[in-house]
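Chemist: Structure below; questions to follow.
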Amino acid sequence: MRGVAEVKEPCSFPMLSVDMENKENGSVGVKNSMENGRPPDPADWAVMDVVNYFRTAGFEEQASAFQEQEIDGKSLLLMTRNDVLTGLQLKLGPALKIYEYHVKPLQTKHLKNNSS
């Protein structure tokens, strides 16, 4: 029987936290820093940044699929639920968790940070 990777809740994963600073005019700016050795904006991630993100998140076995398919940050942000569930040829359980707890929140965060 194979071991099952533990999945972390999306809010507890350090990559999803953003350092914010309050400006005098009341707006909030995002500090531009490296997070876990990756650029803070997933759109700037290389293929290995994506692979390492999923390895760190507990998806060691599934991370290789992102490398084989050459999924970089821009590609990751364009992925649909169907792409993750069928295009990467992953088992259904891990694929659902990857999309719902990681891909979708990264897409949402990216859109919020870039829609001004």
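Here, A, B, ... name the chains of the structure tokens in the order displayed, residue numbers run from 1 inside each chain, and ligands are numbered from 1 in the same displayed order.
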I'd like the contact shell of stretch 69-79 of chain A - 8 Å cut-off, only C-alpha atoms, skipping same-chain residues fewer than 2 positions apart - returned as a list in words.

Modeler: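 Listing them by chain and then by number gives Pro42, Ala43, Asp44, Trp45, Ala46, Val47, Met48, Asp49, Val50, Ala65, Phe66, Gln67, Arg81, Asn82, Asp83, Val84, Leu88, Val103, Leu106 and Gln107 of chain A.
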
Chemist: If you run DSSP on the backbone here, which positions in stretch 52-91 of chain A get alpha helix (DSSP H)? Please write them as a list in words.

Modeler: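 Here are the alpha helix (DSSP H) residues of stretch 52-91 of chain A: Asn52, Tyr53, Phe54, Arg55, Thr56, Glu60, Glu61, Gln62, Ala63, Ser64, Ala65, Phe66, Gln67, Glu68, Gly73, Lys74, Ser75, Leu76, Leu77, Leu78, Arg81 and Asn82 of chain A.
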
Chemist: In terms of the shortest atom-to-atom distance over only C-alpha atoms, which of A:Asn52, A:Gln62, A:Asn36, A:Ser115 is closest to A:Gln89?

Modeler: A:Gln62

Chemist: Quick one: pull the distance between atom CA of A:Glu61 and atom CA of A:Asp41, Å, one decimal.

Modeler: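 Atom CA of A:Asp41 lies at a distance of 24.2 Å from atom CA of A:Glu61.
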
Chemist: Mind pulling up the distance from atom CA of A:Gly93 to atom CA of A:Ser64?

Modeler: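 Between these atoms lies a distance of 16.4 Å.
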